[in-house]
2 protein chains.
Amino acid sequence: MTSESAHSSPVIETARRAKEAAAVLAPQPRTARDGALLAIADALVARTEEIVAANAGDVAKARAAGTGESLVDRLTLTPERVTAMAADVRDVVALPDPVGEVLRGSTLPNGLDLRQVRVPLGVVGIIYEARPNVTVDAAALCLKAGNAVLLRGSSSAYATNSVLVEVLREAVASVGLPADVVQLVPGESRDSVRELMRARGLVDVLIPRGGASLIRTVVEESTVPVIETGTGNCHVYVDEHADIDMALDILINSKAQRPSVCNAAETVLVHAGIAETFLPRALEALTQAGVIVHGDTAWQQAGPGLVAPATDEDWAAEYLSYDIAAAVVQDLDAAVAHIRRWSSGHTEAIVTTSQAAARRFTQLVDSTTVAVNASTRFTDGSQFGFGAEIGISTQKLHARGPMGLPELTSTKYIVTGDGHTR
Amino acid sequence: MTSESAHSSPVIETARRAKEAAAVLAPQPRTARDGALLAIADALVARTEEIVAANAGDVAKARAAGTGESLVDRLTLTPERVTAMAADVRDVVALPDPVGEVLRGSTLPNGLDLRQVRVPLGVVGIIYEARPNVTVDAAALCLKAGNAVLLRGSSSAYATNSVLVEVLREAVASVGLPADVVQLVPGESRDSVRELMRARGLVDVLIPRGGASLIRTVVEESTVPVIETGTGNCHVYVDEHADIDMALDILINSKAQRPSVCNAAETVLVHAGIAETFLPRALEALTQAGVIVHGDTAWQQAGPGLVAPATDEDWAAEYLSYDIAAAVVQDLDAAVAHIRRWSSGHTEAIVTTSQAAARRFTQLVDSTTVAVNASTRFTDGSQFGFGAEIGISTQKLHARGPMGLPELTSTKYIVTGDGHTR
C-alpha cells in the first residue's frame, strides 16, 4: 500500500514483518490456524516452569517497586494459571471460524454473482496492562481470526511476556506458519506505543485495553484506526414500577459483585415515586455490602450521616471501587437525560415491571448494552456466549459492546461474471 | 458523554445541536423518517426556481475565477437536475429500513434473552466537493438511517448548499421533526473542517469524500472516527488462461468507460505466458480508446513509440484520466505481489478461464472488491443493489467497499431477564 510509513525503526520493522506474515496467514484454512493454537496450548503446558520462572522476576521487581498487592496478584503466574491459559487457548480452537463466512450474497439483475465474505483484518495491535494472560488470550483470538498480532504489554510484565511470546512463536513455527504472526513490540518506553500509533498502512487496527488515560492518548494521537474499549460508567435505574427486592438484588450485584471491572455499576438513579420506599432499603443493603454512597439531597436526607454529598465529579466517575453515585430523578425521561449527560455509553440497566417503561428505556438509551431486569455485569463476551473477548468496545464504529471473533475481521466483496462490462 | 469538547464556537454549537436533534430522531419509526424524506422531495421540486437562482450565483463566481468547464458542469444545477435530485430522495424512501434490524438473537444458558439490534450512528459529518447533489443525497441517506447530518461542502457551492439545506430543514420541520437533523457547517474556510475533526463526543463519524489530500488530512488530524473513502488505484490482471476478447473488453471498459471515477482501472498486469498475443491487441484497443500507456520494458518493446516508460510514480498513480500503467508479470503470484505493493485496496479484477487462478486471486488479493471476469467499474452501491451510496470505503474497519444504509448504523445489545444477577 502506498500509505506505508516511510521511515524505519525497530517498531516499524516489527510492523512490516507482521504485515508480511499476515498476508501468509490470511488464506490459511481453519485446520492450519487451529493447528497453531493447539501447538501453542501444548507448548504453554510443556514450558510452564520457564514461564513461571521469568514471571517470578517481574513479580520480584514489582514488589521491590512497592506495587500494591492486587496489581502484583494480576501480574503473577502460577503453574495452575499457565494451565488455565492453555485451556483457554483450546476453548478458542473450538469456537466457530469467522473467516469465509458469507454475509450477503445475491445475483444482480445483470447476472453478476455478488458475495460479501468475512476476511481477516490483517495486523492487529493490542496495548494492554499488566495481566500476562492477555498476551496469550489476545494472540489466540487474533490467530483464530487469521490476523497477525503485535503485543504491547505493560513494561512491568516485560520478562514474562518475552518468554510467553517466544513460546507462542516457536509453537506457530512448529506447524509451518510464520512466527512473525505473533510479535512483542520492542522497547519498554512510551515511545514504542507512539510509533505503533503512527504505523498507518502497516497496522490495521489498534485496540488499547487499559486505563482511561491510555485509551484517551491512543484515541487522540493515533493515525492507525482505533477501537476504544472498556471505560464503564454504568447506571442502574430503578423505575417507579420496580419490584423492590429485584431492584436491590440487581443493584448490589451490579455494584459489588466485582467493583473493579468496567461493567460494574457506578451510579444508581431512582424514580421519585418509589424513592421513599426504596432509598432506606438500598442504603441498608449498600452499606452492608461495604459500599459508600455519594448522593444528591434526597439520598442525603434518606440516610443522614450515611451519604456523602455528590458533585459533578461523582456523576462522571468510573470509581472501580466500593463507591456509588446516587440520585433521585423525577421520571424515566429524567433518568435517560442524566445517562445521556454522564454515561460512558457502556451498559445501563432498568429495573421495572412496566412493559412501557422497559420499551421506552431501551429505545432512548444509547449505550452498547441496555439491560432490562438484569445486572449490568452481564455485558461480557463469555456471558454473551461469544467465547473469549478481546475487549468491550464503547465506540459506535465497527464493533460495539463485547468483541468476539467476528469483530476481529473485515469483509471483502467478490464479484463473478462472464466478461461483464458496463 | 463526558468526552465532549469543552470549548465553544459556531462549528461546535452546530455539532451540539446536531447531537440533541439526533437523540430526538433516533427513536422515530420509519414512517416519520420517510415522511421527512417525502416532504424534502416535494420541497425541492416546489422551490426549484430559488435553488437554481442561488446556484447561478455560484456558477458565475466559479466562471469568473477561471474554474475549468468540467468542474463548472459538476457545480451546475438545472431544473432537470433538481427534479432528478428529488427523484433520488424518493428512491431512498423505498429502500428497506436498516434501523431495528435484529442481527443476532439468542437465549443464553441462564435464560437471559440477548438481542443485537441496528441503531442509528448518531451524528454523521460529511466533507465533500463541489457537486451540490451530494448535499441532498447524503442528507437523505443519513435521515433514512436515523442520523443527524452535518454537511460541509465546497466553498464554491456555498450559496447553493445554503439554499438546499434551508429547503431540507424547512421540509423536516414541516413534519414535526427537529430541523437541526440537517445542518450546514458554518464558515467557508478550512478552519471549520478542523473544528469538525476535533468535535469528538459530538460527532460520531466523519466521512470525507473528495481528493486524496483532503482524505489524508482528515485521517491524520481527526480525533473523530473517520471512514476513508474513494481513492482507487484499481488493477486488471490478465491471466495466462484468459479469453483474449473478454480481457480486451474488460480492460477497455475498466479504463475508459469513465476514467474520472475511483473504480476505473489505473494499471493492467499481463501474465508473461500470454503477453506476446495480448500486448499488440491491447495496445491497439487502448490507443483507439484514446488511452496513453505507461509501460514496463515488455510493453515498450511491444509498441515502439506508443508506450511511455513507466516509473514507480506510475505504479502508484490514481490517474483519473486516459492514462494507464502497464506491466508484464511472471505469474499470478507476481501480479498479487505487485497489487499488494501498489494498490489502494479498492478493486482488482482478474480475467481468466482457470478456476484455480480465479480462486487463488480472490483468496490472496486484499481489496474491498475482487472481480472475476468482470469490469472494475461494478464496484458501486447502486450496481451492487444497495440503492444510493454514501461513498466507497477503502478501509477495513466498520465498512469496506460501497457503503449503503446498514453502514450508516451502529448496533446495541438488549439483554432482558427476570432479575438476573451473576
# chains A, B, ... in the order shown; residues from 1 in each chain; ligands from 1

$ select_by_dssp --residues "segment 104-189 of chain B" --states "strand (DSSP E)" --output "PyMOL selection string"
chain B and resi 104-107+113-120+123-127+148-152+182-184

$ write_last_selection --atoms "N, CA, C and O atoms" --output "short mmCIF file (atom, residue, chain, number, x, y, z; two decimals), in the first residue's frame"
data_model
loop_
_atom_site.label_atom_id
_atom_site.label_comp_id
_atom_site.auth_asym_id
_atom_site.auth_seq_id
_atom_site.Cartn_x
_atom_site.Cartn_y
_atom_site.Cartn_z
N ARG B 104 -28.37 -10.42 15.74
CA ARG B 104 -28.14 -11.67 16.46
C ARG B 104 -29.23 -11.77 17.51
O ARG B 104 -29.64 -10.76 18.07
N GLY B 105 -29.64 -12.94 17.83
CA GLY B 105 -30.60 -13.11 18.91
C GLY B 105 -30.52 -14.51 19.45
O GLY B 105 -30.43 -15.46 18.68
N SER B 106 -30.47 -14.64 20.76
CA SER B 106 -30.42 -15.97 21.34
C SER B 106 -30.88 -15.88 22.79
O SER B 106 -30.97 -14.80 23.37
N THR B 107 -31.23 -17.03 23.34
CA THR B 107 -31.47 -17.12 24.78
C THR B 107 -30.24 -17.76 25.40
O THR B 107 -29.82 -18.85 24.99
N ASP B 113 -32.50 -13.21 27.60
CA ASP B 113 -32.65 -13.03 26.16
C ASP B 113 -31.69 -11.96 25.68
O ASP B 113 -31.66 -10.85 26.24
N LEU B 114 -30.91 -12.30 24.65
CA LEU B 114 -29.92 -11.37 24.10
C LEU B 114 -30.31 -11.01 22.68
O LEU B 114 -30.59 -11.89 21.87
N ARG B 115 -30.35 -9.71 22.38
CA ARG B 115 -30.62 -9.25 21.02
C ARG B 115 -29.59 -8.19 20.64
O ARG B 115 -29.34 -7.28 21.43
N GLN B 116 -29.04 -8.31 19.44
CA GLN B 116 -28.21 -7.23 18.91
C GLN B 116 -29.02 -6.54 17.82
O GLN B 116 -29.43 -7.18 16.84
N VAL B 117 -29.24 -5.25 17.98
CA VAL B 117 -30.18 -4.52 17.13
C VAL B 117 -29.46 -3.35 16.46
O VAL B 117 -28.63 -2.68 17.07
N ARG B 118 -29.77 -3.11 15.18
CA ARG B 118 -29.20 -1.95 14.49
C ARG B 118 -29.82 -0.67 15.01
O ARG B 118 -31.05 -0.57 15.09
N VAL B 119 -28.97 0.31 15.31
CA VAL B 119 -29.44 1.63 15.75
C VAL B 119 -28.70 2.69 14.93
O VAL B 119 -27.65 2.41 14.35
N PRO B 120 -29.23 3.91 14.88
CA PRO B 120 -28.52 4.96 14.16
C PRO B 120 -27.14 5.20 14.77
O PRO B 120 -26.91 4.93 15.95
N VAL B 123 -24.57 11.30 14.96
CA VAL B 123 -24.26 12.47 14.14
C VAL B 123 -23.19 12.10 13.12
O VAL B 123 -22.11 11.65 13.49
N VAL B 124 -23.51 12.27 11.85
CA VAL B 124 -22.59 11.95 10.76
C VAL B 124 -22.16 13.25 10.09
O VAL B 124 -22.99 14.06 9.70
N GLY B 125 -20.85 13.45 9.99
CA GLY B 125 -20.33 14.63 9.29
C GLY B 125 -19.82 14.22 7.91
O GLY B 125 -19.08 13.25 7.80
N ILE B 126 -20.24 14.95 6.88
CA ILE B 126 -19.78 14.64 5.52
C ILE B 126 -19.01 15.85 4.99
O ILE B 126 -19.51 16.97 5.03
N ILE B 127 -17.81 15.60 4.53
CA ILE B 127 -16.98 16.66 3.94
C ILE B 127 -16.82 16.31 2.47
O ILE B 127 -16.35 15.22 2.15
N ALA B 148 -28.53 12.39 12.42
CA ALA B 148 -28.40 13.81 12.09
C ALA B 148 -27.15 13.95 11.22
O ALA B 148 -26.19 13.19 11.36
N VAL B 149 -27.17 14.93 10.31
CA VAL B 149 -26.05 15.09 9.39
C VAL B 149 -25.50 16.52 9.45
O VAL B 149 -26.26 17.47 9.56
N LEU B 150 -24.19 16.61 9.43
CA LEU B 150 -23.51 17.90 9.33
C LEU B 150 -22.84 17.94 7.96
O LEU B 150 -21.99 17.10 7.68
N LEU B 151 -23.22 18.89 7.15
CA LEU B 151 -22.75 18.95 5.77
C LEU B 151 -21.71 20.04 5.61
O LEU B 151 -21.93 21.18 5.97
N ARG B 152 -20.57 19.65 5.08
CA ARG B 152 -19.50 20.62 4.84
C ARG B 152 -19.08 20.47 3.37
O ARG B 152 -18.21 19.67 3.06
N VAL B 182 -30.54 18.33 10.00
CA VAL B 182 -29.77 18.69 8.81
C VAL B 182 -29.17 20.07 9.02
O VAL B 182 -29.90 21.04 9.23
N GLN B 183 -27.87 20.17 9.01
CA GLN B 183 -27.23 21.48 9.17
C GLN B 183 -26.01 21.60 8.25
O GLN B 183 -25.30 20.62 8.01
N LEU B 184 -25.82 22.83 7.79
CA LEU B 184 -24.62 23.16 7.06
C LEU B 184 -23.58 23.59 8.10
O LEU B 184 -23.90 24.34 9.02
#

$ residues_around --residues "Glu389 of chain A" --least-positions-apart "4" --cutoff "12 Å" --atoms "only C-alpha atoms" --output "ChimeraX atom specification"
/A:88,91-92,95,134,137-142,209,229-230,379-385,393,399,401-408

$ residues_around --residues "Arg359 of chain A" --least-positions-apart "5" --cutoff "10 Å" --atoms "only C-alpha atoms" --output "ChimeraX atom specification"
/A:354,364,372

$ select_by_dssp --residues "segment 127-258 of chain A" --states "helix (DSSP H, G or I)" --output "short mmCIF file (atom, residue, chain, number, x, y, z; two decimals) with C-alpha atoms, in the first residue's frame"
data_model
loop_
_atom_site.label_atom_id
_atom_site.label_comp_id
_atom_site.auth_asym_id
_atom_site.auth_seq_id
_atom_site.Cartn_x
_atom_site.Cartn_y
_atom_site.Cartn_z
CA ASN A 133 -2.85 -13.88 30.35
CA VAL A 134 -3.95 -11.12 27.94
CA THR A 135 -0.78 -11.85 25.93
CA VAL A 136 -1.95 -15.38 25.27
CA ASP A 137 -5.71 -14.66 25.01
CA ALA A 138 -5.26 -11.81 22.54
CA ALA A 139 -2.78 -13.75 20.41
CA ALA A 140 -5.07 -16.78 20.30
CA LEU A 141 -8.13 -14.76 19.25
CA CYS A 142 -6.18 -12.84 16.61
CA LEU A 143 -4.70 -16.05 15.14
CA LYS A 144 -8.08 -17.76 15.12
CA SER A 155 6.70 -2.92 30.96
CA SER A 156 6.19 -4.46 34.41
CA ALA A 157 5.45 -7.79 32.66
CA TYR A 158 8.17 -7.50 30.04
CA ALA A 159 10.17 -10.58 31.07
CA THR A 160 7.03 -12.71 31.36
CA ASN A 161 5.68 -11.51 28.02
CA SER A 162 9.04 -12.05 26.31
CA VAL A 163 9.05 -15.71 27.31
CA LEU A 164 5.35 -16.16 26.51
CA VAL A 165 5.75 -14.66 23.03
CA GLU A 166 8.84 -16.80 22.43
CA VAL A 167 6.81 -19.90 23.35
CA LEU A 168 3.96 -18.79 21.06
CA ARG A 169 6.28 -18.04 18.13
CA GLU A 170 8.05 -21.37 18.34
CA ALA A 171 4.72 -23.18 18.50
CA VAL A 172 3.44 -21.31 15.44
CA ALA A 173 6.65 -22.04 13.53
CA SER A 174 6.47 -25.72 14.51
CA ALA A 179 6.50 -16.97 13.60
CA ASP A 180 6.03 -13.26 12.88
CA VAL A 181 2.25 -13.59 13.14
CA ARG A 190 6.06 5.05 25.82
CA ASP A 191 7.89 5.88 22.57
CA SER A 192 7.21 2.42 21.21
CA VAL A 193 3.48 2.96 21.75
CA ARG A 194 3.75 6.26 19.88
CA GLU A 195 5.45 4.61 16.91
CA LEU A 196 2.80 1.94 16.82
CA MET A 197 0.12 4.62 16.71
CA ALA A 212 -8.83 5.81 30.65
CA SER A 213 -5.67 7.89 30.17
CA LEU A 214 -4.01 5.28 27.93
CA ILE A 215 -7.16 4.99 25.85
CA ARG A 216 -7.50 8.77 25.60
CA THR A 217 -3.89 9.14 24.43
CA VAL A 218 -4.29 6.48 21.76
CA VAL A 219 -7.58 7.92 20.52
CA GLU A 220 -6.13 11.44 20.34
CA GLU A 221 -2.80 10.65 18.75
CA ILE A 244 -38.10 -3.69 45.16
CA ASP A 245 -36.39 -6.97 46.03
CA MET A 246 -35.36 -7.49 42.43
CA ALA A 247 -34.06 -3.91 42.28
CA LEU A 248 -31.97 -4.44 45.41
CA ASP A 249 -30.52 -7.70 44.07
CA ILE A 250 -29.62 -6.14 40.74
CA LEU A 251 -28.19 -3.00 42.33
CA ILE A 252 -25.97 -4.88 44.76
CA ASN A 253 -24.86 -7.38 42.12
CA SER A 254 -24.12 -4.63 39.59
CA LYS A 255 -22.11 -2.60 42.10
CA ALA A 256 -20.48 -5.00 44.49
#

$ atom_distance --atom1 "atom CA of Ala22 of chain B" --atom2 "atom CA of Arg340 of chain A"
12.1 Å

$ residues_around --residues "Trp315 of chain B" --least-positions-apart "4" --cutoff "7 Å" --atoms "only C-alpha atoms" --output "PyMOL selection string"
chain B and resi 311+325+342

$ write_last_selection --atoms "N, CA and C atoms" --output "PDB file, in the first residue's frame"
ATOM      1  N   THR B 311       7.418   4.574 -14.380  1.00  0.00           N
ATOM      2  CA  THR B 311       8.255   4.668 -13.187  1.00  0.00           C
ATOM      3  C   THR B 311       7.394   4.284 -11.974  1.00  0.00           C
ATOM      4  N   ALA B 325      -1.075   2.533 -16.424  1.00  0.00           N
ATOM      5  CA  ALA B 325       0.230   1.901 -16.227  1.00  0.00           C
ATOM      6  C   ALA B 325       0.102   0.445 -16.638  1.00  0.00           C
ATOM      7  N   TRP B 342       1.270  -1.846  -4.545  1.00  0.00           N
ATOM      8  CA  TRP B 342       0.888  -0.559  -5.110  1.00  0.00           C
ATOM      9  C   TRP B 342      -0.590  -0.210  -5.006  1.00  0.00           C
TER      10      TRP B 342
END

$ residues_around --residues "Val238 of chain A" --least-positions-apart "6" --cutoff "12 Å" --atoms "only C-alpha atoms" --output "PyMOL selection string"
chain A and resi 244-251+267-275+277-279+282+326-332+335-336+348-354+357-358+361+371-375

$ atom_distance --atom1 "atom CA of Lys396 of chain B" --atom2 "atom CA of Ile390 of chain A"
17.6 Å

$ residues_around --residues "segment 75-82 of chain B" --least-positions-apart "2" --cutoff "7 Å" --atoms "only C-alpha atoms" --output "ChimeraX atom specification"
/B:44-45,48,52,55,59,71-73,84-86,130-132,157

$ write_last_selection --atoms "N, CA and C atoms" --output "PDB file, in the first residue's frame"
ATOM      1  N   LEU B  44     -38.097  20.284  -2.741  1.00  0.00           N
ATOM      2  CA  LEU B  44     -37.077  20.527  -3.767  1.00  0.00           C
ATOM      3  C   LEU B  44     -37.746  20.914  -5.085  1.00  0.00           C
ATOM      4  N   VAL B  45     -38.778  20.173  -5.445  1.00  0.00           N
ATOM      5  CA  VAL B  45     -39.483  20.466  -6.697  1.00  0.00           C
ATOM      6  C   VAL B  45     -40.156  21.835  -6.610  1.00  0.00           C
ATOM      7  N   THR B  48     -37.621  24.828  -6.865  1.00  0.00           N
ATOM      8  CA  THR B  48     -36.600  24.680  -7.899  1.00  0.00           C
ATOM      9  C   THR B  48     -36.029  26.025  -8.354  1.00  0.00           C
ATOM     10  N   VAL B  52     -32.105  27.049  -8.261  1.00  0.00           N
ATOM     11  CA  VAL B  52     -31.351  27.283  -9.494  1.00  0.00           C
ATOM     12  C   VAL B  52     -30.781  28.710  -9.514  1.00  0.00           C
ATOM     13  N   ASN B  55     -27.770  28.831  -7.290  1.00  0.00           N
ATOM     14  CA  ASN B  55     -26.705  28.105  -7.967  1.00  0.00           C
ATOM     15  C   ASN B  55     -26.069  28.944  -9.071  1.00  0.00           C
ATOM     16  N   VAL B  59     -22.140  29.519  -9.852  1.00  0.00           N
ATOM     17  CA  VAL B  59     -21.577  29.186 -11.165  1.00  0.00           C
ATOM     18  C   VAL B  59     -20.875  30.407 -11.761  1.00  0.00           C
ATOM     19  N   LEU B  71     -15.490  21.062 -13.968  1.00  0.00           N
ATOM     20  CA  LEU B  71     -15.865  21.385 -12.585  1.00  0.00           C
ATOM     21  C   LEU B  71     -17.117  22.253 -12.549  1.00  0.00           C
ATOM     22  N   VAL B  72     -17.174  23.223 -13.466  1.00  0.00           N
ATOM     23  CA  VAL B  72     -18.362  24.085 -13.527  1.00  0.00           C
ATOM     24  C   VAL B  72     -19.596  23.235 -13.804  1.00  0.00           C
ATOM     25  N   ASP B  73     -19.430  22.251 -14.690  1.00  0.00           N
ATOM     26  CA  ASP B  73     -20.558  21.373 -15.003  1.00  0.00           C
ATOM     27  C   ASP B  73     -21.018  20.605 -13.766  1.00  0.00           C
ATOM     28  N   ALA B  84     -34.272  15.543 -10.723  1.00  0.00           N
ATOM     29  CA  ALA B  84     -33.596  14.247 -10.563  1.00  0.00           C
ATOM     30  C   ALA B  84     -33.190  14.031  -9.102  1.00  0.00           C
ATOM     31  N   MET B  85     -32.736  15.127  -8.435  1.00  0.00           N
ATOM     32  CA  MET B  85     -32.376  15.020  -7.020  1.00  0.00           C
ATOM     33  C   MET B  85     -33.590  14.603  -6.190  1.00  0.00           C
ATOM     34  N   ALA B  86     -34.730  15.206  -6.493  1.00  0.00           N
ATOM     35  CA  ALA B  86     -35.960  14.864  -5.764  1.00  0.00           C
ATOM     36  C   ALA B  86     -36.328  13.395  -6.001  1.00  0.00           C
ATOM     37  N   ALA B 130     -17.442  19.857  -4.843  1.00  0.00           N
ATOM     38  CA  ALA B 130     -18.380  20.838  -5.397  1.00  0.00           C
ATOM     39  C   ALA B 130     -19.790  20.344  -5.703  1.00  0.00           C
ATOM     40  N   ARG B 131     -19.998  19.048  -6.027  1.00  0.00           N
ATOM     41  CA  ARG B 131     -21.311  18.633  -6.523  1.00  0.00           C
ATOM     42  C   ARG B 131     -22.427  18.825  -5.506  1.00  0.00           C
ATOM     43  N   PRO B 132     -23.375  19.725  -5.794  1.00  0.00           N
ATOM     44  CA  PRO B 132     -24.415  20.014  -4.800  1.00  0.00           C
ATOM     45  C   PRO B 132     -25.405  18.862  -4.617  1.00  0.00           C
ATOM     46  N   ALA B 157     -19.619  26.040  -3.640  1.00  0.00           N
ATOM     47  CA  ALA B 157     -21.058  25.765  -3.759  1.00  0.00           C
ATOM     48  C   ALA B 157     -21.811  26.298  -2.550  1.00  0.00           C
TER      49      ALA B 157
END

$ residues_around --residues "Ala199 of chain A" --least-positions-apart "5" --cutoff "9 Å" --atoms "only C-alpha atoms" --output "MDAnalysis selection string"
chainID A and resid 4:5 11:12 15 194 204 222:224

$ write_last_selection --atoms "N, CA and C atoms" --output "compact mmCIF listing (two decimals), in the first residue's frame"
# COMPACT_ATOMS: atom_id res chain seq x y z
N GLU A 4 2.13 3.39 3.41
CA GLU A 4 3.03 2.90 4.44
C GLU A 4 3.96 3.98 4.98
N SER A 5 4.26 3.89 6.27
CA SER A 5 5.25 4.79 6.87
C SER A 5 6.58 4.62 6.14
N VAL A 11 10.32 -0.67 15.91
CA VAL A 11 8.87 -0.88 15.97
C VAL A 11 8.30 -1.00 14.55
N ILE A 12 8.73 -0.10 13.67
CA ILE A 12 8.22 -0.12 12.29
C ILE A 12 8.63 -1.42 11.59
N ALA A 15 6.36 -4.09 12.65
CA ALA A 15 5.06 -3.96 11.99
C ALA A 15 5.14 -4.44 10.53
N ARG A 194 3.94 5.15 20.82
CA ARG A 194 3.75 6.26 19.88
C ARG A 194 4.04 5.84 18.45
N ASP A 204 -3.47 -2.45 10.95
CA ASP A 204 -4.83 -2.19 10.50
C ASP A 204 -5.72 -1.66 11.60
N SER A 222 -3.44 8.59 17.62
CA SER A 222 -3.22 7.53 16.65
C SER A 222 -3.73 7.91 15.26
N THR A 223 -2.92 7.63 14.24
CA THR A 223 -3.43 7.74 12.87
C THR A 223 -3.88 6.35 12.39
N VAL A 224 -3.46 5.30 13.09
CA VAL A 224 -3.99 3.97 12.85
C VAL A 224 -5.41 3.94 13.43

$ atom_distance --atom1 "atom CA of Ala264 of chain A" --atom2 "atom CA of Ser343 of chain A"
12.7 Å
